[in-house]
Structures are given as C-alpha cells and as structure tokens.
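Asker: Input input.csv, format and content: CSV, C-alpha atoms (C1' of nucleotides) and all ligand atoms.
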```csv
chain,number,residue,atom,x,y,z
A,1,MET,CA,13.9,15.1,67.3
A,2,LEU,CA,12.1,17.2,64.7
A,3,ASN,CA,9.8,20.1,65.1
A,4,ASN,CA,6.2,20.2,64.1
A,5,SER,CA,6.7,21.7,60.6
A,6,GLN,CA,9.2,18.9,59.9
A,7,TYR,CA,6.6,16.3,60.9
A,8,ILE,CA,4.2,18.0,58.6
A,9,ASP,CA,6.7,17.7,55.8
A,10,LYS,CA,7.4,14.1,56.6
A,11,LEU,CA,3.7,13.2,56.7
A,12,ARG,CA,3.0,15.1,53.5
A,13,SER,CA,5.9,13.6,51.7
A,14,SER,CA,4.6,10.1,52.4
A,15,GLY,CA,1.1,10.9,51.4
A,16,LEU,CA,-0.4,11.2,54.8
A,17,ARG,CA,-2.3,14.4,55.6
A,18,PRO,CA,-0.8,16.2,58.5
A,19,THR,CA,-3.7,16.2,60.9
A,20,LYS,CA,-3.3,17.5,64.4
A,21,GLN,CA,-3.7,14.0,65.8
A,22,ARG,CA,-0.9,12.6,63.6
A,23,ILE,CA,1.4,15.5,64.4
A,24,LYS,CA,0.8,14.9,68.1
A,25,ILE,CA,1.5,11.2,67.8
A,26,CYS,CA,4.7,12.0,65.9
A,27,GLU,CA,5.7,14.2,68.8
A,28,VAL,CA,5.0,11.4,71.3
A,29,LEU,CA,6.8,8.8,69.2
A,30,PHE,CA,9.7,10.7,67.7
A,31,ASN,CA,10.5,13.7,69.9
A,32,THR,CA,13.0,11.8,72.0
A,33,HIS,CA,16.6,10.9,71.9
A,34,LYS,CA,16.1,7.3,72.8
A,35,THR,CA,13.9,5.1,70.7
A,36,PHE,CA,11.5,2.9,72.6
A,37,HIS,CA,9.0,0.0,72.4
A,38,PHE,CA,5.3,0.3,73.1
A,39,THR,CA,1.9,-1.3,73.1
A,40,ILE,CA,-1.1,0.6,71.9
A,41,ASN,CA,-2.3,0.8,75.5
A,42,GLU,CA,1.0,2.4,76.6
A,43,LEU,CA,1.0,4.8,73.7
A,44,VAL,CA,-2.5,6.0,74.6
A,45,LYS,CA,-1.2,6.7,78.1
A,46,ARG,CA,1.8,8.7,76.8
A,47,ILE,CA,-0.4,10.7,74.5
A,48,SER,CA,-2.9,11.6,77.3
A,49,LYS,CA,0.0,12.8,79.5
A,50,LEU,CA,1.2,15.2,76.7
A,51,THR,CA,-2.1,16.7,75.5
A,52,ASN,CA,-5.5,17.8,76.7
A,53,ASP,CA,-7.4,17.2,73.5
A,54,LYS,CA,-7.8,13.4,73.6
A,55,ILE,CA,-7.3,11.3,70.5
A,56,SER,CA,-9.7,8.4,70.0
A,57,LEU,CA,-8.5,4.9,70.3
A,58,ALA,CA,-9.5,4.1,66.7
A,59,THR,CA,-7.2,7.0,65.6
A,60,VAL,CA,-4.3,5.7,67.6
A,61,TYR,CA,-4.7,2.3,66.0
A,62,ASN,CA,-5.2,3.8,62.5
A,63,THR,CA,-2.1,6.0,62.9
A,64,VAL,CA,0.2,3.3,64.3
A,65,HIS,CA,-0.8,1.1,61.3
A,66,ALA,CA,-0.3,3.9,58.9
A,67,PHE,CA,3.1,4.7,60.4
A,68,LYS,CA,4.1,1.0,60.3
A,69,ASN,CA,3.1,0.8,56.6
A,70,LYS,CA,5.2,3.8,55.8
A,71,GLY,CA,8.2,2.4,57.7
A,72,TYR,CA,8.2,4.8,60.6
A,73,LEU,CA,7.6,2.0,63.0
A,74,LYS,CA,8.3,-1.7,63.2
A,75,GLU,CA,6.1,-4.4,64.8
A,76,ILE,CA,8.1,-6.9,66.9
A,77,PRO,CA,6.9,-10.5,66.9
A,78,ILE,CA,6.5,-11.9,70.4
A,79,ASN,CA,4.0,-14.2,72.1
A,80,SER,CA,1.9,-11.7,73.8
A,81,ASP,CA,-1.8,-10.8,74.0
A,82,GLN,CA,-0.9,-7.4,72.6
A,83,SER,CA,1.2,-6.1,69.7
A,84,TYR,CA,4.5,-4.5,70.4
A,85,PHE,CA,5.9,-1.7,68.3
A,86,ASP,CA,9.3,-0.2,68.0
A,87,THR,CA,10.3,3.4,67.1
A,88,ASN,CA,13.7,2.1,66.2
A,89,THR,CA,13.4,1.1,62.6
A,90,SER,CA,17.1,0.3,62.0
A,91,HIS,CA,18.2,-3.3,61.8
A,92,HIS,CA,18.5,-4.8,65.3
A,93,HIS,CA,17.3,-7.7,67.5
A,94,HIS,CA,15.7,-8.0,70.9
A,95,PHE,CA,15.9,-9.5,74.3
A,96,TYR,CA,12.4,-10.2,75.7
A,97,ASP,CA,12.1,-10.4,79.4
A,98,GLU,CA,9.1,-12.6,79.9
A,99,THR,CA,8.9,-11.7,83.6
A,100,GLN,CA,8.8,-8.0,83.2
A,101,LYS,CA,7.2,-8.3,79.8
A,102,ASP,CA,9.9,-5.9,78.5
A,103,LEU,CA,11.6,-5.7,75.2
A,104,ILE,CA,15.2,-4.6,75.1
A,105,ASP,CA,17.2,-3.7,72.1
A,106,ILE,CA,20.3,-5.6,71.3
A,107,ASP,CA,22.9,-3.4,69.6
A,108,ASP,CA,23.5,-4.8,66.2
A,109,ALA,CA,27.3,-4.7,66.9
A,110,ASP,CA,26.6,-7.3,69.6
A,111,VAL,CA,25.1,-9.9,67.2
A,112,GLU,CA,27.0,-11.8,64.6
A,113,PRO,CA,25.2,-11.6,61.3
A,114,VAL,CA,22.6,-14.4,61.0
A,115,LYS,CA,23.5,-16.7,58.1
A,116,ILE,CA,20.6,-18.7,56.6
A,117,ASN,CA,22.0,-21.3,54.1
A,118,THR,CA,18.7,-22.2,52.6
A,119,ARG,CA,15.9,-20.5,50.7
A,120,ILE,CA,12.3,-21.0,49.8
A,121,PRO,CA,11.9,-21.2,46.0
A,122,GLY,CA,9.9,-18.3,44.7
A,123,LYS,CA,10.1,-16.3,48.0
A,124,LYS,CA,12.5,-13.6,49.0
A,125,ILE,CA,13.6,-12.7,52.5
A,126,LYS,CA,11.9,-9.7,53.9
A,127,SER,CA,13.4,-9.6,57.4
A,128,VAL,CA,15.5,-11.7,59.8
A,129,GLU,CA,14.6,-11.2,63.4
A,130,VAL,CA,16.2,-12.7,66.4
A,131,LEU,CA,14.3,-12.9,69.7
A,132,VAL,CA,16.3,-13.8,72.8
A,133,LYS,CA,14.0,-14.7,75.7
A,134,VAL,CA,15.5,-14.2,79.1
A,135,GLU,CA,14.4,-15.0,82.6
A,136,ASP,CA,15.7,-14.3,86.1
A,137,ASP,CA,18.9,-16.0,86.8
A,138,LYS,CA,18.4,-17.7,90.2
A,139,SER,CA,21.6,-19.6,90.6
B,1,MET,CA,5.0,-42.5,66.6
B,2,LEU,CA,4.0,-44.1,69.8
B,3,ASN,CA,1.1,-46.3,70.7
B,4,ASN,CA,-1.6,-45.4,73.2
B,5,SER,CA,0.0,-47.2,76.1
B,6,GLN,CA,3.2,-45.3,75.5
B,7,TYR,CA,1.3,-42.0,75.5
B,8,ILE,CA,-0.3,-43.2,78.8
B,9,ASP,CA,3.2,-43.8,80.2
B,10,LYS,CA,4.4,-40.5,78.9
B,11,LEU,CA,1.5,-38.5,80.4
B,12,ARG,CA,1.7,-40.3,83.7
B,13,SER,CA,5.4,-39.8,84.0
B,14,SER,CA,5.0,-36.1,83.7
B,15,GLY,CA,2.2,-35.9,86.2
B,16,LEU,CA,-0.7,-35.6,83.8
B,17,ARG,CA,-3.6,-38.0,84.1
B,18,PRO,CA,-4.0,-40.0,80.9
B,19,THR,CA,-7.5,-39.1,80.1
B,20,LYS,CA,-9.0,-40.2,76.8
B,21,GLN,CA,-9.0,-36.6,75.6
B,22,ARG,CA,-5.3,-36.2,76.2
B,23,ILE,CA,-4.5,-39.5,74.7
B,24,LYS,CA,-6.5,-38.6,71.6
B,25,ILE,CA,-4.7,-35.3,71.3
B,26,CYS,CA,-1.4,-37.1,71.7
B,27,GLU,CA,-2.3,-39.2,68.8
B,28,VAL,CA,-3.3,-36.2,66.7
B,29,LEU,CA,-0.1,-34.4,67.6
B,30,PHE,CA,2.5,-37.1,67.7
B,31,ASN,CA,1.4,-40.1,65.6
B,32,THR,CA,3.1,-38.8,62.6
B,33,HIS,CA,6.5,-39.0,61.0
B,34,LYS,CA,6.7,-35.3,60.2
B,35,THR,CA,6.4,-32.7,62.9
B,36,PHE,CA,4.1,-29.7,62.2
B,37,HIS,CA,2.9,-26.3,63.2
B,38,PHE,CA,-0.7,-25.5,64.1
B,39,THR,CA,-3.1,-23.0,65.6
B,40,ILE,CA,-5.7,-24.1,68.1
B,41,ASN,CA,-8.4,-23.8,65.4
B,42,GLU,CA,-6.5,-26.1,63.1
B,43,LEU,CA,-5.9,-28.6,65.8
B,44,VAL,CA,-9.6,-28.7,66.6
B,45,LYS,CA,-10.3,-29.5,63.0
B,46,ARG,CA,-7.7,-32.3,62.9
B,47,ILE,CA,-9.2,-33.8,66.1
B,48,SER,CA,-12.7,-33.8,64.7
B,49,LYS,CA,-11.5,-35.6,61.6
B,50,LEU,CA,-10.0,-38.4,63.7
B,51,THR,CA,-12.7,-39.0,66.3
B,52,ASN,CA,-16.4,-39.0,66.8
B,53,ASP,CA,-16.5,-38.1,70.5
B,54,LYS,CA,-15.8,-34.4,70.3
B,55,ILE,CA,-13.4,-32.7,72.7
B,56,SER,CA,-14.4,-29.3,74.0
B,57,LEU,CA,-12.6,-26.3,73.0
B,58,ALA,CA,-11.6,-25.5,76.6
B,59,THR,CA,-10.0,-28.9,76.9
B,60,VAL,CA,-8.0,-28.3,73.7
B,61,TYR,CA,-6.7,-25.1,75.1
B,62,ASN,CA,-6.0,-26.6,78.5
B,63,THR,CA,-4.2,-29.6,76.9
B,64,VAL,CA,-2.1,-27.5,74.6
B,65,HIS,CA,-1.0,-25.3,77.5
B,66,ALA,CA,-0.3,-28.4,79.6
B,67,PHE,CA,1.8,-30.0,76.8
B,68,LYS,CA,3.6,-26.7,76.2
B,69,ASN,CA,4.5,-26.5,79.9
B,70,LYS,CA,5.7,-30.0,80.0
B,71,GLY,CA,7.9,-29.3,76.9
B,72,TYR,CA,6.0,-31.5,74.4
B,73,LEU,CA,5.1,-28.4,72.4
B,74,LYS,CA,6.7,-25.1,71.6
B,75,GLU,CA,5.0,-21.8,70.9
B,76,ILE,CA,6.4,-19.8,68.0
B,77,PRO,CA,6.4,-16.0,68.4
B,78,ILE,CA,5.0,-14.4,65.3
B,79,ASN,CA,2.7,-11.4,64.6
B,80,SER,CA,-0.6,-13.1,64.2
B,81,ASP,CA,-4.0,-12.8,65.7
B,82,GLN,CA,-3.7,-16.4,66.9
B,83,SER,CA,-1.0,-18.5,68.6
B,84,TYR,CA,1.1,-20.9,66.6
B,85,PHE,CA,2.4,-24.1,68.2
B,86,ASP,CA,5.1,-26.6,67.0
B,87,THR,CA,5.3,-30.3,67.6
B,88,ASN,CA,9.0,-30.1,66.8
B,89,THR,CA,10.6,-29.3,70.1
B,90,SER,CA,14.2,-29.6,69.0
B,91,HIS,CA,16.2,-26.5,68.5
B,92,HIS,CA,15.4,-24.9,65.1
B,93,HIS,CA,14.3,-21.7,63.5
B,94,HIS,CA,11.5,-20.7,61.1
B,95,PHE,CA,10.6,-19.1,57.9
B,96,TYR,CA,7.2,-17.3,58.1
B,97,ASP,CA,5.4,-16.8,54.8
B,98,GLU,CA,3.2,-13.8,55.5
B,99,THR,CA,1.1,-14.3,52.4
B,100,GLN,CA,0.3,-18.0,53.1
B,101,LYS,CA,0.4,-17.4,56.9
B,102,ASP,CA,2.6,-20.5,56.9
B,103,LEU,CA,5.4,-21.4,59.2
B,104,ILE,CA,8.3,-23.5,57.7
B,105,ASP,CA,11.1,-25.2,59.7
B,106,ILE,CA,14.6,-24.2,58.9
B,107,ASP,CA,16.9,-27.2,59.4
B,108,ASP,CA,19.3,-26.3,62.2
B,109,ALA,CA,22.2,-27.3,59.9
B,110,ASP,CA,21.2,-24.5,57.6
B,111,VAL,CA,21.7,-21.8,60.2
B,112,GLU,CA,25.0,-20.6,61.6
B,113,PRO,CA,24.8,-20.5,65.4
B,114,VAL,CA,23.5,-17.1,66.5
B,115,LYS,CA,26.1,-15.4,68.6
B,116,ILE,CA,24.9,-12.7,71.1
B,117,ASN,CA,27.9,-10.9,72.5
B,118,THR,CA,26.0,-9.1,75.3
B,119,ARG,CA,24.0,-10.1,78.3
B,120,ILE,CA,21.4,-8.6,80.7
B,121,PRO,CA,22.8,-8.6,84.2
B,122,GLY,CA,20.8,-11.0,86.5
B,123,LYS,CA,19.0,-12.6,83.6
B,124,LYS,CA,19.8,-15.9,81.8
B,125,ILE,CA,19.0,-16.8,78.3
B,126,LYS,CA,16.0,-19.1,77.9
B,127,SER,CA,15.9,-19.3,74.1
B,128,VAL,CA,17.2,-17.8,70.9
B,129,GLU,CA,14.7,-17.8,68.1
B,130,VAL,CA,15.2,-16.6,64.5
B,131,LEU,CA,12.2,-15.7,62.4
B,132,VAL,CA,12.8,-15.1,58.7
B,133,LYS,CA,9.9,-13.4,57.1
B,134,VAL,CA,9.5,-14.1,53.4
B,135,GLU,CA,7.3,-12.8,50.6
B,136,ASP,CA,6.6,-13.7,47.0
B,137,ASP,CA,9.6,-12.9,44.8
B,138,LYS,CA,8.2,-10.8,41.9
B,139,SER,CA,11.3,-9.9,40.0
C,1,DT,C1',-15.8,-49.5,96.5
C,2,DT,C1',-15.2,-45.0,98.2
C,3,DC,C1',-13.0,-40.8,98.2
C,4,DT,C1',-10.7,-36.9,96.4
C,5,DA,C1',-8.0,-34.2,93.6
C,6,DC,C1',-7.7,-33.6,89.0
C,7,DA,C1',-10.0,-32.9,84.4
C,8,DT,C1',-13.7,-31.9,81.2
C,9,DT,C1',-17.3,-29.1,79.6
C,10,DA,C1',-20.7,-25.6,78.2
C,11,DT,C1',-21.0,-21.2,78.6
C,12,DA,C1',-19.9,-16.6,80.1
C,13,DA,C1',-16.5,-13.1,80.4
C,14,DT,C1',-12.5,-10.6,78.9
C,15,DA,C1',-9.8,-7.8,76.0
C,16,DG,C1',-7.2,-6.5,72.0
C,17,DT,C1',-8.3,-5.2,67.7
C,18,DT,C1',-11.1,-4.0,63.6
C,19,DC,C1',-15.3,-2.3,61.6
C,20,DT,C1',-19.1,1.0,60.7
C,21,DA,C1',-21.0,5.0,59.3
C,22,DA,C1',-21.6,9.7,60.5
C,23,DA,C1',-19.3,14.0,61.2
C,24,DC,C1',-15.2,16.6,60.3
C,25,DT,C1',-11.1,18.6,57.9
C,26,DG,C1',-7.1,19.3,54.7
C,27,DT,C1',-6.3,20.1,50.0
C,28,DT,C1',-7.2,21.3,45.4
C,29,DG,C1',-8.5,24.0,41.7
C,30,DA,C1',-12.1,26.8,39.6
D,1,DT,C1',-11.8,32.6,48.1
D,2,DC,C1',-14.4,28.8,48.7
D,3,DA,C1',-17.0,24.8,47.1
D,4,DA,C1',-16.2,20.1,46.5
D,5,DC,C1',-14.1,15.9,47.6
D,6,DA,C1',-11.3,12.6,49.3
D,7,DG,C1',-9.1,11.5,53.3
D,8,DT,C1',-9.5,11.4,58.5
D,9,DT,C1',-11.5,11.1,63.0
D,10,DT,C1',-14.7,9.3,66.1
D,11,DA,C1',-17.9,6.7,69.3
D,12,DG,C1',-19.5,2.8,69.7
D,13,DA,C1',-20.6,-1.8,68.0
D,14,DA,C1',-18.8,-6.0,66.4
D,15,DC,C1',-15.5,-9.5,66.2
D,16,DT,C1',-12.6,-13.2,67.8
D,17,DA,C1',-8.9,-15.5,70.3
D,18,DT,C1',-8.4,-16.7,74.7
D,19,DT,C1',-9.4,-17.3,79.6
D,20,DA,C1',-12.4,-17.9,83.6
D,21,DT,C1',-16.3,-20.1,85.9
D,22,DA,C1',-18.5,-23.5,88.2
D,23,DA,C1',-20.9,-27.7,87.7
D,24,DT,C1',-20.2,-32.4,86.4
D,25,DG,C1',-17.3,-36.4,85.5
D,26,DT,C1',-13.4,-39.5,86.2
D,27,DA,C1',-8.6,-41.6,87.2
D,28,DG,C1',-6.1,-43.4,90.7
D,29,DA,C1',-5.3,-44.2,95.6
D,30,DA,C1',-6.4,-46.5,99.7
E,201,MN,MN,7.4,-1.8,78.2
E,202,MN,MN,-0.6,-23.8,58.7
E,203,ZN,ZN,13.9,-2.4,69.3
E,204,ZN,ZN,9.1,-25.5,63.7
```
Give the structure from the file, written as structure tokens.

Answerer:
Amino acid sequence: MLNNSQYIDKLRSSGLRPTKQRIKICEVLFNTHKTFHFTINELVKRISKLTNDKISLATVYNTVHAFKNKGYLKEIPINSDQSYFDTNTSHHHHFYDETQKDLIDIDDADVEPVKINTRIPGKKIKSVEVLVKVEDDKS
Amino acid sequence: MLNNSQYIDKLRSSGLRPTKQRIKICEVLFNTHKTFHFTINELVKRISKLTNDKISLATVYNTVHAFKNKGYLKEIPINSDQSYFDTNTSHHHHFYDETQKDLIDIDDADVEPVKINTRIPGKKIKSVEVLVKVEDDKS
DNA sequence: TTCTACATTATAATAGTTCTAAACTGTTGA
DNA sequence: TCAACAGTTTAGAACTATTATAATGTAGAA
C-alpha cells in the first residue's frame, strides 16, 4: 500500500531503476491489503486490466526475477508446469489444493515450529517450507 | 531387491501388464539397497547403462507416471525446470541443495511431527511435505 | 491360435521460460 | 544542460521438459 513515489524510492534503494514498467508492476503486486499468489500468466492478465500501455512478457519475467532476488517476492515450490510466486514474504507455509490448483497461506500461528534435528556438514539452512496438499473430502 | 518374477507379480497385481520395458525399469529403480531421487533424464541414463535394448523416452515418462499413480514412486515438489521423483515412498522430508541441485532424505526420526492447527473446510489432507533448502556455509 | 485391449514407439506438438540483439531510457557528471 | 553510458525493454527466436498422436507391437484371455 505505497504510492508511486514510494515505489520509486524502494526500487532505487535496492539498485533497480524505477522504470514505468517496474512501477506499474509494483502497483499491481503491492497496492493491495491482502497478499496473493500468482503465476506469470496470471500476473500478465492483472497488469493488462490495470493499464493500457502493455508490458512485454520478457519484462514481466525479468521484473519478477529481479523482485524475487531483491526479496520482494518468494517463489513457492510445488509440482506444477508453471512457477508460483508469493507477494507475502514473511515466514509462512501453504496448503496446495491440487484440484483447484490454488495455493492458500497457512497462518504461521497455526503451525508448530518445524524442528529438524540433523544438519548437512558444510551447509546452512536457507529456508524451511511446509507444503500441505489437500483434496476434496468425499466421505 | 526383488527378482524379475516378483516384479512381474507386483505389476500384475496392480493391473499393469509386465512388459519387458516395465520390468527393466523396475530393476533400475528397485534393485538396490538404497532408495534414490532422480529426474527423467537421469533415469534414462541409468537405464541405458543397464541394457542394450533401448526404451523410448515416451515409455519412460509413461512408466514413471504409472508407477507414481500406483504409489511405487513419489514426486517431490521443488522449484526446478524438471520433475524429481523418489523411490522412497515412506513418509519422509528433504533437504534440497540448490547449488548441487541435489535432494537428500531427512530421516523421519530427525523431524518433529509437523502440526497444522487449521483445516480447509471440505478438504482433507493428502500429504505434508517439508523442504529444507540449504546452501554452502561460508562463515 | 486368434482377438483385443493395452503398451511401446518415433515423432510432432505444446508451453513455460530464457535468450538475443536492437532500440530505448534513467542517471550521472562534465 | 546534455552527451555518454549502463541498465532496461522489447519482439521474436530458441530452448527444453513434457505431453499428444497415431501407427505398430504384444500380453493375456478365450
Ligand atoms: Mn490462483
Ligand atoms: Mn541427483
Ligand atoms: Zn503464501
Ligand atoms: Zn526422498
């Protein structure tokens, strides 16, 4: 929920030039109360609903990767033919509804901390992600 | 660690015709003490090392999917351009070394049970998978 | 043995993503 | 102010994992 000049500052401060494409994508991704999950394809649709000047597909890919690298987005690992991204970068886990192909946040308060009692020598833990697959309960 | 006639029984009992391709793939996948993770590409290489009659790529894909559907294999969700499969179908979680692009089993005894204190109405839990991403520890 | 449904195969098609290289633009500093 | 340059955008091509196609082959039933 920032305004454009705040996005400009944010982009600049992380070393990204505030181009009009990036500012527009910031608006689409971050001008909302609720965070959300998206595929590139879905993002392209959201963008085209909000603007007349189209942004090329390559730029959408470039920007999403840049934002992911800067920590503005997370990528969620699931078995899918396409990548899923998350505007919620705080620590949390997911339900994945394989029927609806829909990712749903699990509030971190609803998950007991995951304890891993083993390590890999020479490696440090970067992230711990829980994916809970769900399906229709026909019973 | 079964012999061919046992694979034949296993395939028949799950409604899959025991073709020579499927039996060969069973040998490659299950004739080993240790379970392992693989991509289709890696599996094709393993197969060609163990046999002279080549198996077509389409058959490898078909067979892996059939085995997955029958529960002989699991697919592991990670962010990768290719799918990862696991011959270890017992309940367990994974380290993923993003540098080496290597999946490593976490013994289930080394993970405290994951407690999810929320549900999605009308859906039942199919699986709970933990992915621990690791990277080189330069410190 | 004959029949048929199932399986294999080579190859084409698909689709998400990345690459290329030319045109464009934000920023810097003279 | 504005030239210079590095960073960015873009259309389209290329890439690659996976799936579809449709013809041929085969396991198992009768
Ligand atoms: Mn969705
Ligand atoms: Mn491997
Ligand atoms: Zn999320
Ligand atoms: Zn495993």

Asker: Set the cut-off to 8 Å and count only C-alpha atoms (C1' of nucleotides): what are the residues of chain B that reach chain C? Output as a PyMOL selection string.

Answerer: chain B and resi 17+19+56+58-59

Asker: Using all atoms listed in the file, determine which residues lie at most 12 Å from stretch 64-68 of chain B, disregarding the query and same-chain residues fewer than 2 positions distant; provide the list as a ChimeraX atom specification.

Answerer: /B:10-11,14-17,21-23,25-26,28-30,38-41,43-44,57-62,70-76,83-89 /C:7 /D:18-19

Asker: Taking all atoms listed in the file into account, produce a table as a tab-separated table in which each residue of chain B with an atom at most 12 Å from an atom of chain A appears once, together with its shortest atom pair and the distance in Å to one decimal, ordered by chain and rising number.

Answerer:
```
residue	atom	partner	partner_atom	distance
B:Lys74	CA	A:Asn79	CA	11.2
B:Glu75	CA	A:Asn79	CA	7.8
B:Ile76	CA	A:Asn79	CA	7.3
B:Pro77	CA	A:Ile78	CA	4.6
B:Ile78	CA	A:Pro77	CA	4.6
B:Asn79	CA	A:Pro77	CA	4.9
B:Ser80	CA	A:Pro77	CA	8.4
B:Asp81	CA	A:Asp81	CA	8.8
B:Gln82	CA	A:Asp81	CA	9.2
B:Ser83	CA	A:Asn79	CA	7.5
B:Tyr84	CA	A:Asn79	CA	9.1
B:Phe85	CA	A:Asn79	CA	10.8
B:His92	CA	A:Ile116	CA	11.7
B:His93	CA	A:Val130	CA	9.6
B:His94	CA	A:Val128	CA	9.9
B:Phe95	CA	A:Ile120	CA	8.5
B:Tyr96	CA	A:Ile125	CA	9.7
B:Asp97	CA	A:Lys123	CA	8.3
B:Glu98	CA	A:Lys126	CA	9.7
B:Thr99	CA	A:Lys123	CA	10.2
B:Gln100	CA	A:Lys123	CA	11.2
B:Leu103	CA	A:Ile120	CA	11.7
B:Ile104	CA	A:Ile120	CA	9.2
B:Asp105	CA	A:Ile120	CA	10.8
B:Ile106	CA	A:Thr118	CA	7.8
B:Asp107	CA	A:Thr118	CA	8.6
B:Asp108	CA	A:Ile116	CA	9.5
B:Ala109	CA	A:Asn117	CA	8.3
B:Asp110	CA	A:Asn117	CA	4.8
B:Val111	CA	A:Ile116	CA	4.9
B:Glu112	CA	A:Lys115	CA	5.5
B:Pro113	CA	A:Val114	CA	7.8
B:Val114	CA	A:Val114	CA	6.2
B:Lys115	CA	A:Glu112	CA	5.5
B:Ile116	CA	A:Val111	CA	4.8
B:Asn117	CA	A:Asp110	CA	4.8
B:Thr118	CA	A:Asp110	CA	6.0
B:Arg119	CA	A:Phe95	CA	9.1
B:Ile120	CA	A:Val134	CA	8.3
B:Pro121	CA	A:Asp137	CA	8.8
B:Gly122	CA	A:Asp137	CA	5.4
B:Lys123	CA	A:Asp136	CA	4.5
B:Lys124	CA	A:Asp137	CA	5.1
B:Ile125	CA	A:Val134	CA	4.4
B:Lys126	CA	A:Val134	CA	5.1
B:Ser127	CA	A:Lys133	CA	5.2
B:Val128	CA	A:Val132	CA	4.5
B:Glu129	CA	A:Leu131	CA	5.2
B:Val130	CA	A:Val130	CA	4.5
B:Leu131	CA	A:Glu129	CA	5.2
B:Val132	CA	A:Val128	CA	4.5
B:Lys133	CA	A:Ser127	CA	5.2
B:Val134	CA	A:Ile125	CA	4.4
B:Glu135	CA	A:Lys123	CA	5.2
B:Asp136	CA	A:Lys123	CA	4.5
B:Asp137	CA	A:Lys123	CA	4.7
B:Lys138	CA	A:Gly122	CA	8.2
B:Ser139	CA	A:Gly122	CA	9.7
```

Asker: Which is closer to chain D than all the others in B:Arg46, B:Asp102, B:Thr32, B:Ile8, using all atoms listed in the file?

Answerer: B:Ile8

Asker: Of the candidates B:Lys20, B:Glu42, B:Lys34, B:Thr63, which one gets nearest to ligand ZN 204 (chain E) if we count all atoms listed in the file?

Answerer: B:Lys34

Asker: Compute the set of chain D residues within 12 Å of chain B, using only C-alpha atoms (C1' of nucleotides), and express it as a ChimeraX atom specification.

Answerer: /D:15-21,25-28

Asker: Can you tell me how far atom CA of B:Asp9 sits from atom C1' of D:DT24, in Å to one decimal?

Answerer: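 Atom CA of B:Asp9 sits 26.8 Å away from atom C1' of D:DT24.
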
Asker: When you draw a straight line from atom CA of A:Thr51 to atom CA of A:Asn4, how long is it in Å?

Answerer: 14.5 Å

Asker: Please report the interatomic distance between atom CA of A:Tyr7 and atom CA of A:Asp53 in Å with one decimal.

Answerer: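 Going from atom CA of A:Tyr7 over to atom CA of A:Asp53, I get 18.9 Å.
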
Asker: Between B:Ile55, B:Lys49, B:Lys24, B:Lys101, which is the closest to ligand MN 202 (chain E) once you count all atoms listed in the file?

Answerer: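 So, comparing all the options, the nearest one is B:Lys101.
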